[in-house]
Structure formats: structure tokens, C-alpha cells
Amino acid sequence: MTKTTSGNFFEDFEIGQVIRHATPRTVTTGDVALYTALYGSRFAVQSSDAFAESLGYDRAPIDDLLTFHIVFGKTVPDISLNAVANLGYAGGRFLSPVYPGDTLSAVSEIIGKKENSNGKTGVVYVRSTGYTAEGTEVLDYVRWVMVRKRDETAPAPKPVVPELPESLDPISLGNAVPLLDQNSWDEDLSGSRFLFSDYAKGEKIDHVDGMTVEEAEHQLATRLYQNTAKVHFNQHTEGQGRFGARLIYGGHVISLARALSYNGLANAFHIAAINGGRHVAPLFAGDTVYAWSEVLDTAEIDGRRDVGALRLRLVATKNRPCAGFPLKDTEGKYQPDVILDFDYWALMPK
């Protein structure tokens, strides 16, 4: 009897299956420092205890995407160890702030699966939820991932594709943010004078800066999140694959683009929800990431006079600056430089 595991393949997943993932993870200030070193995120609430405390937080919460990555990483050995690619996200909610010292764990439910026409892979839909050791839900989201089949001759199961919301209602936002003392929001320290009312639906922002991805950085990042997916780690196998190289973890791209978005959205301090997202094309070490954003909508939040919500489309490109806001061609296909199309709600002070 073998004592090791090769991970789950497409055939191993069943609709309704619930998986309690191994290895709870206590978040430390070391994780926060490494996250900053990897992406250079500068949002003041997550950077400064003094700034956060003045607003009403216990202290500086960790970056929302660090919470996402840690919860995501818990799921990888069971869900996507044999993945070809992580394809997209929907219905994500950040439900409570996470602080250094909190311990995070994750549980997932399989909510859909569909074999691909090539008979070699299939798409698995999974809803994952992150909890603290005290049982507080901090995050839930749906993702879908392309997973290899163990036996390519195995018959295709009946396809089940879940209905997912196009976007989350603003009424469900804001739970992870205490009521803020607006008088304590210091625009000099936050880095921008532009607040909620300064942004309008349809506005586009070129975030100007670019960041080149190094091999060591994305390897360090995936290890930081305990993400064990082979496509990110094993050059011996991936060198013989379709691309001939390890893929950059898709979440790495999201964090890079989010950090770049500070230049133009410095006061969009909290990701409240993930409406949807697609990893449009692969990224490799040596590529340079640029980003731009579009304001898709603005919304008031019931019972909140301190913050409003911006629905933002965050687009990342590789090796192409975003002054022209690249996205799709005249036929509606993504332009070849586009690597991420990410739709989320962010909160911003009024």
C-alpha cells in the first residue's frame, strides 16, 4: 500500500463532494512582509497599524489577496494538483478582516464538472470557504479549473455546469470593514485626494507602471501560499509540456495588477467581492506586467455613510503598456497581450 498521493484527477471528483483541506495556516507579520516584498502593495490600511487603528480597525488587517492566496493554497493538493490551468472565479466575498495571528483553514464543495471535447481533461467547479480557528468565515468563492484525467478512455460523466452570478449585489458588501472614522482618513498618508465621488461609471485609468516577473519571485510566492500545483513548480515535467516552461500562478498576476492599480486607485483600500475573473493567457518569467482599470459601476451601501463601492474591471497585459486600454479585438476576442480580466467590487471612503 502506497503512503503517498498523486492527487485527484478529473474522474475522482463527484458532485456534492465536500473536502476538508489539510494544513491550517497561522498568518504572521512575516507573511505580510514577504507579500509586500513580492508585489510592493502600498494601500495604507494594510500597511500601517496606526492608520488602520485611527479608522476603527483593531490594527492593520492583512491584504485581502493574501487571505485569498492562503485559502486558495489550502485547496490545491486536493483540487488542482493535476491541473492544466486555473480558468476563472465568480461569486467571491470577503467576509471578515484577517489579522496576523489568525489561523486559516479551508473547506471545498464540488458543484460542477464537465469533460472537455479532447477527452484528456475536464473542468471542475468548486466552491471554497476559508475560516479562522474560531469558525469565522473570512472568504468564500467559486473557481473552475481544468484538470487532467487519469484514464483518457474513461467515459465522460453527465455534464453539470453551475449557474453563477454575473456580479454580487452591493447589499452584500462591507461586512469585512468596521464603520470608519471618516475624519481620520488622511489623504496625504493614503497617497491620493480622490475619493468615492471622484470616480464615474465608464472612467478608464492607465496605471502606468510595469513590473517584470522573475522566476524566483513566483516560486517563492507559490511556496508562501503552500500551493503545490505541478505546473508552477516542476520544470522537469513542464519543460516537456505544451509551453516548455512553468506557468506563473494566476493569483500572482492578480496581486501584481492590484498592486499596480494603487497608482490611480490609492484609496480603493479593500476588495469586498470578486464578481468574476478569467486568466486569459499564460504568463512566464521574464514577462513584464502592466495594468489598467475601468469603473463599471458605482454603488451606495445600505447603512454605510463612510464608504461607497466601485465595481472595477482590472485588466493586466504582458509586455504591453496600457495607455491604449487593450482588451479585445473587433471580433470580440482578447488581444494576445491580455493575460487577466478581473471584475471586483472595491470599497473607498466618501
# chains A, B, ... in the order shown; residues from 1 in each chain; ligands from 1
$ select_by_dssp --residues "segment 44-137 of chain A" --states "helix (DSSP H, G or I)" --output "list in words"
Ala44, Val45, Gln46, Ser47, Asp49, Ala50, Phe51, Ala52, Glu53, Ser54, Leu55, Asp64, Leu65, Leu66, Thr67, Phe68, His69, Ile70, Val71, Phe72, Gly73, Lys74, Thr75, Val76, Pro77, Asp78 and Ile79 of chain A
$ write_last_selection --atoms "N, CA, C and O atoms" --output "short mmCIF file (atom, residue, chain, number, x, y, z; two decimals), in the first residue's frame"
data_model
loop_
_atom_site.label_atom_id
_atom_site.label_comp_id
_atom_site.auth_asym_id
_atom_site.auth_seq_id
_atom_site.Cartn_x
_atom_site.Cartn_y
_atom_site.Cartn_z
N ALA A 44 -2.74 51.97 2.31
CA ALA A 44 -2.35 52.42 3.65
C ALA A 44 -2.98 51.60 4.77
O ALA A 44 -2.34 51.34 5.79
N VAL A 45 -4.25 51.19 4.60
CA VAL A 45 -4.93 50.46 5.67
C VAL A 45 -4.20 49.17 5.98
O VAL A 45 -4.07 48.78 7.15
N GLN A 46 -3.69 48.49 4.95
CA GLN A 46 -2.99 47.22 5.16
C GLN A 46 -1.51 47.41 5.47
O GLN A 46 -0.83 46.44 5.83
N SER A 47 -1.02 48.64 5.35
CA SER A 47 0.41 48.90 5.56
C SER A 47 0.73 49.44 6.94
O SER A 47 1.86 49.30 7.41
N ASP A 49 -0.42 50.01 11.05
CA ASP A 49 -1.28 49.82 12.22
C ASP A 49 -1.87 51.15 12.67
O ASP A 49 -3.06 51.23 12.99
N ALA A 50 -1.05 52.19 12.70
CA ALA A 50 -1.52 53.49 13.18
C ALA A 50 -2.64 54.03 12.31
O ALA A 50 -3.66 54.54 12.80
N PHE A 51 -2.48 53.92 10.98
CA PHE A 51 -3.51 54.40 10.05
C PHE A 51 -4.79 53.59 10.24
O PHE A 51 -5.89 54.16 10.34
N ALA A 52 -4.68 52.26 10.30
CA ALA A 52 -5.85 51.40 10.43
C ALA A 52 -6.56 51.63 11.77
O ALA A 52 -7.80 51.71 11.83
N GLU A 53 -5.79 51.74 12.85
CA GLU A 53 -6.40 51.95 14.17
C GLU A 53 -7.14 53.28 14.24
O GLU A 53 -8.19 53.37 14.90
N SER A 54 -6.61 54.31 13.58
CA SER A 54 -7.28 55.62 13.61
C SER A 54 -8.65 55.58 12.95
O SER A 54 -9.52 56.39 13.24
N LEU A 55 -8.85 54.60 12.05
CA LEU A 55 -10.12 54.48 11.34
C LEU A 55 -11.13 53.61 12.07
O LEU A 55 -12.33 53.71 11.81
N ASP A 64 -6.22 41.73 1.40
CA ASP A 64 -7.32 40.82 1.06
C ASP A 64 -6.85 39.69 0.15
O ASP A 64 -7.29 38.55 0.28
N LEU A 65 -5.95 40.00 -0.77
CA LEU A 65 -5.49 38.97 -1.69
C LEU A 65 -4.54 37.98 -1.01
O LEU A 65 -4.44 36.83 -1.44
N LEU A 66 -3.87 38.39 0.06
CA LEU A 66 -3.08 37.44 0.82
C LEU A 66 -4.00 36.43 1.49
O LEU A 66 -3.72 35.22 1.51
N THR A 67 -5.14 36.89 2.02
CA THR A 67 -6.15 35.98 2.54
C THR A 67 -6.59 35.01 1.45
O THR A 67 -6.66 33.79 1.65
N PHE A 68 -6.88 35.56 0.26
CA PHE A 68 -7.31 34.74 -0.86
C PHE A 68 -6.27 33.67 -1.19
O PHE A 68 -6.59 32.49 -1.35
N HIS A 69 -5.00 34.08 -1.30
CA HIS A 69 -3.95 33.14 -1.70
C HIS A 69 -3.76 32.02 -0.68
O HIS A 69 -3.55 30.86 -1.05
N ILE A 70 -3.82 32.36 0.60
CA ILE A 70 -3.62 31.34 1.63
C ILE A 70 -4.76 30.33 1.60
O ILE A 70 -4.53 29.11 1.64
N VAL A 71 -6.00 30.82 1.51
CA VAL A 71 -7.14 29.91 1.42
C VAL A 71 -7.07 29.08 0.15
O VAL A 71 -7.29 27.86 0.16
N PHE A 72 -6.74 29.73 -0.96
CA PHE A 72 -6.59 29.04 -2.24
C PHE A 72 -5.53 27.95 -2.13
O PHE A 72 -5.72 26.81 -2.58
N GLY A 73 -4.39 28.29 -1.54
CA GLY A 73 -3.30 27.33 -1.43
C GLY A 73 -3.69 26.08 -0.66
O GLY A 73 -3.20 24.97 -0.95
N LYS A 74 -4.57 26.22 0.35
CA LYS A 74 -5.03 25.05 1.10
C LYS A 74 -5.73 24.05 0.18
O LYS A 74 -5.66 22.83 0.40
N THR A 75 -6.42 24.56 -0.84
CA THR A 75 -7.25 23.70 -1.69
C THR A 75 -6.45 22.98 -2.78
O THR A 75 -6.93 21.99 -3.34
N VAL A 76 -5.27 23.46 -3.10
CA VAL A 76 -4.54 22.96 -4.27
C VAL A 76 -4.24 21.47 -4.21
O VAL A 76 -4.48 20.73 -5.19
N PRO A 77 -3.71 20.91 -3.10
CA PRO A 77 -3.37 19.49 -3.11
C PRO A 77 -4.55 18.58 -3.42
O PRO A 77 -4.38 17.49 -3.98
N ASP A 78 -5.76 19.01 -3.06
CA ASP A 78 -6.95 18.20 -3.29
C ASP A 78 -7.67 18.53 -4.59
O ASP A 78 -8.30 17.65 -5.20
N ILE A 79 -7.59 19.80 -5.03
CA ILE A 79 -8.38 20.23 -6.18
C ILE A 79 -7.57 20.33 -7.46
O ILE A 79 -7.98 19.86 -8.52
#
$ residues_around --residues "Asn82 of chain A" --least-positions-apart "5" --cutoff "8 Å" --atoms "only C-alpha atoms" --output "list in words"
Gly7, Asn8, Phe9, Val147, Arg148, Ala229 and Lys230 of chain A
$ residues_around --residues "Ser41 of chain A" --least-positions-apart "6" --cutoff "9 Å" --atoms "only C-alpha atoms" --output "PDB file with all heavy atoms, in the first residue's frame"
ATOM      1  N   TYR A  35       4.771  39.260   1.395  1.00  0.00           N
ATOM      2  CA  TYR A  35       3.787  39.676   0.391  1.00  0.00           C
ATOM      3  C   TYR A  35       4.139  41.063  -0.152  1.00  0.00           C
ATOM      4  O   TYR A  35       4.085  41.304  -1.369  1.00  0.00           O
ATOM      5  CB  TYR A  35       2.385  39.678   1.000  1.00  0.00           C
ATOM      6  CG  TYR A  35       1.291  39.932  -0.019  1.00  0.00           C
ATOM      7  CD1 TYR A  35       0.730  38.872  -0.731  1.00  0.00           C
ATOM      8  CD2 TYR A  35       0.834  41.222  -0.272  1.00  0.00           C
ATOM      9  CE1 TYR A  35      -0.262  39.104  -1.674  1.00  0.00           C
ATOM     10  CE2 TYR A  35      -0.151  41.449  -1.208  1.00  0.00           C
ATOM     11  CZ  TYR A  35      -0.696  40.389  -1.901  1.00  0.00           C
ATOM     12  OH  TYR A  35      -1.676  40.620  -2.843  1.00  0.00           O
ATOM     13  N   SER A  47      -1.018  48.635   5.351  1.00  0.00           N
ATOM     14  CA  SER A  47       0.406  48.897   5.558  1.00  0.00           C
ATOM     15  C   SER A  47       0.731  49.444   6.935  1.00  0.00           C
ATOM     16  O   SER A  47       1.858  49.295   7.410  1.00  0.00           O
ATOM     17  CB  SER A  47       0.912  49.898   4.507  1.00  0.00           C
ATOM     18  OG  SER A  47       0.805  49.371   3.198  1.00  0.00           O
ATOM     19  N   ASP A  63      -3.489  42.024   3.661  1.00  0.00           N
ATOM     20  CA  ASP A  63      -4.037  42.306   2.343  1.00  0.00           C
ATOM     21  C   ASP A  63      -5.107  41.269   1.992  1.00  0.00           C
ATOM     22  O   ASP A  63      -4.953  40.077   2.249  1.00  0.00           O
ATOM     23  CB  ASP A  63      -2.920  42.271   1.301  1.00  0.00           C
ATOM     24  CG  ASP A  63      -3.342  42.866  -0.025  1.00  0.00           C
ATOM     25  OD1 ASP A  63      -4.091  42.183  -0.759  1.00  0.00           O
ATOM     26  OD2 ASP A  63      -2.932  43.998  -0.331  1.00  0.00           O
ATOM     27  N   SER A 255      -2.336  39.720  -7.973  1.00  0.00           N
ATOM     28  CA  SER A 255      -1.698  40.559  -6.954  1.00  0.00           C
ATOM     29  C   SER A 255      -0.805  41.623  -7.579  1.00  0.00           C
ATOM     30  O   SER A 255      -0.743  42.759  -7.086  1.00  0.00           O
ATOM     31  CB  SER A 255      -0.894  39.696  -5.979  1.00  0.00           C
ATOM     32  OG  SER A 255      -1.739  39.096  -5.028  1.00  0.00           O
ATOM     33  N   LEU A 256      -0.090  41.273  -8.644  1.00  0.00           N
ATOM     34  CA  LEU A 256       0.736  42.273  -9.329  1.00  0.00           C
ATOM     35  C   LEU A 256      -0.131  43.393  -9.891  1.00  0.00           C
ATOM     36  O   LEU A 256       0.166  44.585  -9.725  1.00  0.00           O
ATOM     37  CB  LEU A 256       1.524  41.612 -10.459  1.00  0.00           C
ATOM     38  CG  LEU A 256       2.741  40.773 -10.064  1.00  0.00           C
ATOM     39  CD1 LEU A 256       3.293  40.061 -11.292  1.00  0.00           C
ATOM     40  CD2 LEU A 256       3.824  41.645  -9.440  1.00  0.00           C
ATOM     41  N   ARG A 258      -3.188  44.262  -9.033  1.00  0.00           N
ATOM     42  CA  ARG A 258      -3.807  45.016  -7.932  1.00  0.00           C
ATOM     43  C   ARG A 258      -2.807  46.004  -7.319  1.00  0.00           C
ATOM     44  O   ARG A 258      -3.143  47.152  -7.035  1.00  0.00           O
ATOM     45  CB  ARG A 258      -4.308  44.026  -6.879  1.00  0.00           C
ATOM     46  CG  ARG A 258      -4.690  44.619  -5.535  1.00  0.00           C
ATOM     47  CD  ARG A 258      -5.922  45.470  -5.569  1.00  0.00           C
ATOM     48  NE  ARG A 258      -6.281  45.870  -4.193  1.00  0.00           N
ATOM     49  CZ  ARG A 258      -7.114  46.835  -3.897  1.00  0.00           C
ATOM     50  NH1 ARG A 258      -7.709  47.526  -4.842  1.00  0.00           N
ATOM     51  NH2 ARG A 258      -7.374  47.126  -2.635  1.00  0.00           N
ATOM     52  N   ALA A 259      -1.558  45.568  -7.121  1.00  0.00           N
ATOM     53  CA  ALA A 259      -0.545  46.466  -6.576  1.00  0.00           C
ATOM     54  C   ALA A 259      -0.282  47.629  -7.535  1.00  0.00           C
ATOM     55  O   ALA A 259      -0.143  48.780  -7.101  1.00  0.00           O
ATOM     56  CB  ALA A 259       0.739  45.702  -6.295  1.00  0.00           C
ATOM     57  N   LEU A 260      -0.231  47.338  -8.828  1.00  0.00           N
ATOM     58  CA  LEU A 260      -0.024  48.399  -9.817  1.00  0.00           C
ATOM     59  C   LEU A 260      -1.187  49.389  -9.822  1.00  0.00           C
ATOM     60  O   LEU A 260      -1.010  50.576 -10.099  1.00  0.00           O
ATOM     61  CB  LEU A 260       0.151  47.789 -11.210  1.00  0.00           C
ATOM     62  CG  LEU A 260       1.438  46.980 -11.437  1.00  0.00           C
ATOM     63  CD1 LEU A 260       1.367  46.243 -12.769  1.00  0.00           C
ATOM     64  CD2 LEU A 260       2.677  47.873 -11.391  1.00  0.00           C
ATOM     65  N   TYR A 262      -2.684  50.750  -7.513  1.00  0.00           N
ATOM     66  CA  TYR A 262      -2.572  51.808  -6.499  1.00  0.00           C
ATOM     67  C   TYR A 262      -2.380  53.166  -7.156  1.00  0.00           C
ATOM     68  O   TYR A 262      -2.914  54.178  -6.671  1.00  0.00           O
ATOM     69  CB  TYR A 262      -1.399  51.493  -5.567  1.00  0.00           C
ATOM     70  CG  TYR A 262      -1.108  52.569  -4.541  1.00  0.00           C
ATOM     71  CD1 TYR A 262      -1.754  52.584  -3.313  1.00  0.00           C
ATOM     72  CD2 TYR A 262      -0.175  53.577  -4.804  1.00  0.00           C
ATOM     73  CE1 TYR A 262      -1.496  53.570  -2.373  1.00  0.00           C
ATOM     74  CE2 TYR A 262       0.093  54.565  -3.870  1.00  0.00           C
ATOM     75  CZ  TYR A 262      -0.572  54.559  -2.660  1.00  0.00           C
ATOM     76  OH  TYR A 262      -0.306  55.545  -1.741  1.00  0.00           O
TER      77      TYR A 262
END
$ residues_around --residues "Ser167 of chain A" --least-positions-apart "4" --cutoff "10 Å" --atoms "only C-alpha atoms" --output "JSON, numbers by chain"
{"A": [90, 91, 92, 273, 274, 275, 276, 311, 343, 344, 345]}
$ closest_residue --among "A:Asn86, A:Asn175, A:Val280, A:Asp181" --to "Lys328 of chain A" --atoms "only C-alpha atoms"
A:Val280
$ atom_distance --atom1 "atom CA of Tyr57 of chain A" --atom2 "atom CA of Lys350 of chain A"
17.4 Å
$ closest_atom_pairs --of "segment 283-350 of chain A" --to "segment 191-210 of chain A" --cutoff "7 Å" --atoms "only C-alpha atoms" --output "CSV"
residue,atom,partner,partner_atom,distance
A:Thr288,CA,A:Gly210,CA,6.2
A:Val289,CA,A:Gly210,CA,5.4
A:Tyr290,CA,A:Gly210,CA,4.7
A:Ala291,CA,A:His207,CA,5.8
A:Trp292,CA,A:Asp206,CA,4.5
A:Ser293,CA,A:Ile205,CA,5.2
A:Glu294,CA,A:Lys204,CA,4.3
A:Val295,CA,A:Lys201,CA,5.1
A:Leu296,CA,A:Lys201,CA,5.4
A:Asp297,CA,A:Lys201,CA,5.0
A:Thr298,CA,A:Lys201,CA,6.4
A:Gly308,CA,A:Phe196,CA,6.1
A:Cys322,CA,A:Asp206,CA,5.8
A:Ala323,CA,A:Asp206,CA,5.7
A:Met348,CA,A:Phe196,CA,5.5
A:Pro349,CA,A:Phe196,CA,5.9
A:Lys350,CA,A:Phe196,CA,5.1
$ write_last_selection --atoms "N, CA, C and O atoms" --output "PDB file, in the first residue's frame"
ATOM      1  N   THR A 288       6.842  41.288 -18.496  1.00  0.00           N
ATOM      2  CA  THR A 288       6.530  42.473 -17.691  1.00  0.00           C
ATOM      3  C   THR A 288       5.030  42.705 -17.692  1.00  0.00           C
ATOM      4  O   THR A 288       4.391  42.722 -18.750  1.00  0.00           O
ATOM      5  N   VAL A 289       4.464  42.889 -16.501  1.00  0.00           N
ATOM      6  CA  VAL A 289       3.030  43.065 -16.327  1.00  0.00           C
ATOM      7  C   VAL A 289       2.689  44.545 -16.212  1.00  0.00           C
ATOM      8  O   VAL A 289       3.325  45.288 -15.460  1.00  0.00           O
ATOM      9  N   TYR A 290       1.681  44.965 -16.987  1.00  0.00           N
ATOM     10  CA  TYR A 290       1.081  46.298 -16.893  1.00  0.00           C
ATOM     11  C   TYR A 290      -0.403  46.120 -16.582  1.00  0.00           C
ATOM     12  O   TYR A 290      -0.946  45.013 -16.711  1.00  0.00           O
ATOM     13  N   ALA A 291      -1.076  47.210 -16.197  1.00  0.00           N
ATOM     14  CA  ALA A 291      -2.482  47.085 -15.841  1.00  0.00           C
ATOM     15  C   ALA A 291      -3.244  48.380 -16.096  1.00  0.00           C
ATOM     16  O   ALA A 291      -2.674  49.470 -16.055  1.00  0.00           O
ATOM     17  N   TRP A 292      -4.543  48.224 -16.345  1.00  0.00           N
ATOM     18  CA  TRP A 292      -5.459  49.362 -16.403  1.00  0.00           C
ATOM     19  C   TRP A 292      -6.792  48.942 -15.801  1.00  0.00           C
ATOM     20  O   TRP A 292      -7.072  47.754 -15.668  1.00  0.00           O
ATOM     21  N   SER A 293      -7.583  49.934 -15.401  1.00  0.00           N
ATOM     22  CA  SER A 293      -8.882  49.664 -14.786  1.00  0.00           C
ATOM     23  C   SER A 293      -9.974  50.476 -15.453  1.00  0.00           C
ATOM     24  O   SER A 293      -9.741  51.593 -15.939  1.00  0.00           O
ATOM     25  N   GLU A 294     -11.173  49.912 -15.440  1.00  0.00           N
ATOM     26  CA  GLU A 294     -12.380  50.632 -15.863  1.00  0.00           C
ATOM     27  C   GLU A 294     -13.382  50.599 -14.722  1.00  0.00           C
ATOM     28  O   GLU A 294     -13.585  49.556 -14.087  1.00  0.00           O
ATOM     29  N   VAL A 295     -14.013  51.736 -14.453  1.00  0.00           N
ATOM     30  CA  VAL A 295     -15.082  51.789 -13.461  1.00  0.00           C
ATOM     31  C   VAL A 295     -16.364  51.298 -14.139  1.00  0.00           C
ATOM     32  O   VAL A 295     -16.929  51.986 -14.985  1.00  0.00           O
ATOM     33  N   LEU A 296     -16.803  50.102 -13.768  1.00  0.00           N
ATOM     34  CA  LEU A 296     -18.011  49.534 -14.371  1.00  0.00           C
ATOM     35  C   LEU A 296     -19.273  50.065 -13.722  1.00  0.00           C
ATOM     36  O   LEU A 296     -20.323  50.150 -14.363  1.00  0.00           O
ATOM     37  N   ASP A 297     -19.189  50.427 -12.454  1.00  0.00           N
ATOM     38  CA  ASP A 297     -20.374  50.923 -11.744  1.00  0.00           C
ATOM     39  C   ASP A 297     -19.926  51.547 -10.430  1.00  0.00           C
ATOM     40  O   ASP A 297     -18.809  51.295  -9.948  1.00  0.00           O
ATOM     41  N   THR A 298     -20.787  52.356  -9.863  1.00  0.00           N
ATOM     42  CA  THR A 298     -20.599  52.884  -8.510  1.00  0.00           C
ATOM     43  C   THR A 298     -21.868  52.591  -7.726  1.00  0.00           C
ATOM     44  O   THR A 298     -22.961  52.549  -8.302  1.00  0.00           O
ATOM     45  N   GLY A 308     -18.271  53.965  -0.072  1.00  0.00           N
ATOM     46  CA  GLY A 308     -19.067  53.547  -1.209  1.00  0.00           C
ATOM     47  C   GLY A 308     -18.317  52.461  -1.947  1.00  0.00           C
ATOM     48  O   GLY A 308     -17.149  52.167  -1.659  1.00  0.00           O
ATOM     49  N   CYS A 322      -0.372  50.121 -21.138  1.00  0.00           N
ATOM     50  CA  CYS A 322      -1.831  50.139 -21.248  1.00  0.00           C
ATOM     51  C   CYS A 322      -2.429  51.498 -21.571  1.00  0.00           C
ATOM     52  O   CYS A 322      -3.614  51.735 -21.306  1.00  0.00           O
ATOM     53  N   ALA A 323      -1.646  52.407 -22.152  1.00  0.00           N
ATOM     54  CA  ALA A 323      -2.184  53.726 -22.486  1.00  0.00           C
ATOM     55  C   ALA A 323      -3.373  53.628 -23.433  1.00  0.00           C
ATOM     56  O   ALA A 323      -4.295  54.454 -23.400  1.00  0.00           O
ATOM     57  N   MET A 348     -14.274  52.353  -1.027  1.00  0.00           N
ATOM     58  CA  MET A 348     -13.499  53.588  -0.988  1.00  0.00           C
ATOM     59  C   MET A 348     -14.203  54.587  -0.075  1.00  0.00           C
ATOM     60  O   MET A 348     -15.432  54.684  -0.096  1.00  0.00           O
ATOM     61  N   PRO A 349     -13.458  55.325   0.729  1.00  0.00           N
ATOM     62  CA  PRO A 349     -14.091  56.316   1.611  1.00  0.00           C
ATOM     63  C   PRO A 349     -14.764  57.427   0.838  1.00  0.00           C
ATOM     64  O   PRO A 349     -14.339  57.785  -0.266  1.00  0.00           O
ATOM     65  N   LYS A 350     -15.795  57.997   1.449  1.00  0.00           N
ATOM     66  CA  LYS A 350     -16.526  59.115   0.833  1.00  0.00           C
ATOM     67  C   LYS A 350     -15.907  60.442   1.267  1.00  0.00           C
ATOM     68  O   LYS A 350     -15.229  60.520   2.277  1.00  0.00           O
TER      69      LYS A 350
END
